[in-house]
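*Asks:* Got my_file.pdb for you, PDB, C-alpha atoms, pLDDT in the B column:
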ATOM      1  CA  MET A   1    -153.529  28.702 168.917  1.00 53.00           C
ATOM      2  CA  ASN A   2    -153.977  32.424 169.345  1.00 62.00           C
ATOM      3  CA  LEU A   3    -151.748  34.741 171.379  1.00 63.00           C
ATOM      4  CA  ASN A   4    -153.871  34.300 174.488  1.00 76.00           C
ATOM      5  CA  GLY A   5    -153.353  30.524 174.370  1.00 77.00           C
ATOM      6  CA  TRP A   6    -149.560  30.959 174.216  1.00 76.00           C
ATOM      7  CA  LYS A   7    -149.670  33.190 177.291  1.00 79.00           C
ATOM      8  CA  ILE A   8    -151.601  30.591 179.214  1.00 82.00           C
ATOM      9  CA  PHE A   9    -149.153  27.915 178.082  1.00 81.00           C
ATOM     10  CA  ALA A  10    -146.133  30.028 179.117  1.00 79.00           C
ATOM     11  CA  VAL A  11    -147.609  30.780 182.536  1.00 79.00           C
ATOM     12  CA  GLY A  12    -148.423  27.104 183.047  1.00 81.00           C
ATOM     13  CA  ALA A  13    -144.898  26.074 182.066  1.00 81.00           C
ATOM     14  CA  LEU A  14    -143.447  28.661 184.444  1.00 75.00           C
ATOM     15  CA  PHE A  15    -145.597  27.443 187.321  1.00 76.00           C
ATOM     16  CA  GLY A  16    -144.659  23.867 186.438  1.00 80.00           C
ATOM     17  CA  LEU A  17    -140.938  24.618 186.576  1.00 76.00           C
ATOM     18  CA  GLU A  18    -141.297  26.508 189.841  1.00 79.00           C
ATOM     19  CA  GLY A  19    -143.377  23.648 191.205  1.00 76.00           C
ATOM     20  CA  ILE A  20    -140.578  21.204 190.399  1.00 79.00           C
ATOM     21  CA  LYS A  21    -138.081  23.451 192.183  1.00 77.00           C
ATOM     22  CA  LEU A  22    -140.393  23.674 195.178  1.00 76.00           C
ATOM     23  CA  LEU A  23    -140.971  19.923 195.308  1.00 78.00           C
ATOM     24  CA  SER A  24    -137.239  19.189 195.146  1.00 82.00           C
ATOM     25  CA  SER A  25    -136.199  21.757 197.763  1.00 85.00           C
ATOM     26  CA  SER A  26    -134.569  20.739 201.029  1.00 87.00           C
ATOM     27  CA  ASP A  27    -137.644  21.856 203.008  1.00 86.00           C
ATOM     28  CA  ALA A  28    -139.859  19.657 200.881  1.00 85.00           C
ATOM     29  CA  LYS A  29    -137.480  16.736 201.364  1.00 90.00           C
ATOM     30  CA  LYS A  30    -137.749  17.203 205.133  1.00 92.00           C
ATOM     31  CA  VAL A  31    -141.533  17.019 204.835  1.00 91.00           C
ATOM     32  CA  TYR A  32    -141.295  13.879 202.674  1.00 91.00           C
ATOM     33  CA  THR A  33    -138.915  12.306 205.185  1.00 94.00           C
ATOM     34  CA  SER A  34    -141.200  13.104 208.124  1.00 95.00           C
ATOM     35  CA  CYS A  35    -144.229  11.737 206.290  1.00 95.00           C
ATOM     36  CA  THR A  36    -142.361   8.573 205.335  1.00 95.00           C
ATOM     37  CA  ALA A  37    -141.223   8.080 208.940  1.00 97.00           C
ATOM     38  CA  GLY A  38    -144.827   8.447 210.093  1.00 96.00           C
ATOM     39  CA  VAL A  39    -146.014   5.899 207.560  1.00 96.00           C
ATOM     40  CA  LEU A  40    -143.329   3.449 208.690  1.00 97.00           C
ATOM     41  CA  ARG A  41    -144.388   3.897 212.338  1.00 97.00           C
ATOM     42  CA  MET A  42    -147.996   3.320 211.323  1.00 97.00           C
ATOM     43  CA  LYS A  43    -146.988   0.182 209.421  1.00 97.00           C
ATOM     44  CA  ASP A  44    -145.170  -1.196 212.472  1.00 96.00           C
ATOM     45  CA  ALA A  45    -148.154  -0.497 214.724  1.00 97.00           C
ATOM     46  CA  LEU A  46    -150.483  -2.137 212.225  1.00 97.00           C
ATOM     47  CA  LEU A  47    -148.281  -5.227 211.978  1.00 97.00           C
ATOM     48  CA  ASP A  48    -148.267  -5.508 215.786  1.00 96.00           C
ATOM     49  CA  GLN A  49    -152.064  -5.344 215.826  1.00 97.00           C
ATOM     50  CA  VAL A  50    -152.288  -7.963 213.084  1.00 96.00           C
ATOM     51  CA  ALA A  51    -149.963 -10.281 215.025  1.00 96.00           C
ATOM     52  CA  THR A  52    -152.110  -9.887 218.146  1.00 96.00           C
ATOM     53  CA  LEU A  53    -155.262 -10.560 216.153  1.00 96.00           C
ATOM     54  CA  GLN A  54    -153.728 -13.679 214.614  1.00 96.00           C
ATOM     55  CA  GLU A  55    -152.729 -14.980 218.047  1.00 96.00           C
ATOM     56  CA  ASN A  56    -156.260 -14.398 219.334  1.00 97.00           C
ATOM     57  CA  CYS A  57    -157.751 -16.156 216.323  1.00 97.00           C
ATOM     58  CA  ILE A  58    -155.482 -19.147 216.848  1.00 96.00           C
ATOM     59  CA  ASP A  59    -156.544 -19.324 220.514  1.00 96.00           C
ATOM     60  CA  ILE A  60    -160.225 -19.127 219.555  1.00 97.00           C
ATOM     61  CA  TYR A  61    -159.765 -21.826 216.909  1.00 97.00           C
ATOM     62  CA  GLU A  62    -158.014 -24.175 219.349  1.00 97.00           C
ATOM     63  CA  GLU A  63    -160.713 -23.645 221.991  1.00 97.00           C
ATOM     64  CA  ALA A  64    -163.443 -24.300 219.419  1.00 97.00           C
ATOM     65  CA  LYS A  65    -161.723 -27.536 218.371  1.00 97.00           C
ATOM     66  CA  ALA A  66    -161.546 -28.625 222.030  1.00 97.00           C
ATOM     67  CA  ILE A  67    -165.255 -27.887 222.513  1.00 97.00           C
ATOM     68  CA  ASN A  68    -166.154 -29.928 219.426  1.00 97.00           C
ATOM     69  CA  GLU A  69    -163.956 -32.818 220.559  1.00 96.00           C
ATOM     70  CA  GLU A  70    -165.651 -32.809 223.980  1.00 96.00           C
ATOM     71  CA  ARG A  71    -169.097 -32.840 222.362  1.00 96.00           C
ATOM     72  CA  ALA A  72    -168.111 -35.669 220.051  1.00 94.00           C
ATOM     73  CA  ALA A  73    -166.792 -37.671 223.017  1.00 93.00           C
ATOM     74  CA  LYS A  74    -170.057 -37.117 224.950  1.00 92.00           C
ATOM     75  CA  GLU A  75    -172.114 -38.227 221.942  1.00 92.00           C
ATOM     76  CA  ARG A  76    -169.996 -41.360 221.485  1.00 91.00           C
ATOM     77  CA  LYS A  77    -170.466 -42.110 225.196  1.00 88.00           C
ATOM     78  CA  LYS A  78    -174.249 -41.707 224.817  1.00 86.00           C
ATOM     79  CA  GLU A  79    -174.255 -44.031 221.787  1.00 84.00           C
ATOM     80  CA  ILE A  80    -172.301 -46.676 223.668  1.00 84.00           C
ATOM     81  CA  GLN A  81    -174.693 -46.478 226.646  1.00 84.00           C
ATOM     82  CA  ALA A  82    -177.734 -46.747 224.407  1.00 68.00           C
TER
END
What does this structure look like when you write it as structure tokens?
*Replies:*
Amino acid sequence: MNLNGWKIFAVGALFGLEGIKLLSSSDAKKVYTSCTAGVLRMKDALLDQVATLQENCIDIYEEAKAINEERAAKERKKEIQA
């Protein structure tokens, strides 16, 4: 590595160390905390929507079963009359 390469390495290491300081600062932690709180709120909202969707699917399934049972009963009645 020539002298120019060492300079680039040193500058990169310096920026890396400063980046670590920046990422571990109290301001950064506040940002991480706010983002995490937002993600948790989003998760709760998503779980509520999933629960509602599941309830609707169960209702649809039960209604479909009832329709099929009614059709089967009508067909059995037709077969008995025939």
*Asks:* Using all atoms of range 54-69 of chain A that appear in the file, construct an axis-aligned enclosing box with 5 Å of padding on every side and provide its centre coordinates and edge lengths in Å, rounded to one decimal, as lines of an AutoDock Vina configuration file.
*Replies:*
center_x = -159.4
center_y = -23.2
center_z = 218.6
size_x = 23.4
size_y = 29.1
size_z = 17.9
*Asks:* What's the separation between CA of Met42 in chain A and CA of Ile60 in chain A, in Å to one decimal place?
*Replies:*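 Interatomic distance here is 26.9 Å.
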*Asks:* CA of Lys43 in chain A and CA of Leu22 in chain A are how many Å apart?
*Replies:*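 Here the two named atoms are 28.3 Å from each other.
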*Asks:* Grab the CA of Ile20 in chain A to CA of Tyr32 in chain A distance for me, in Å with one decimal place.
*Replies:* 14.3 Å
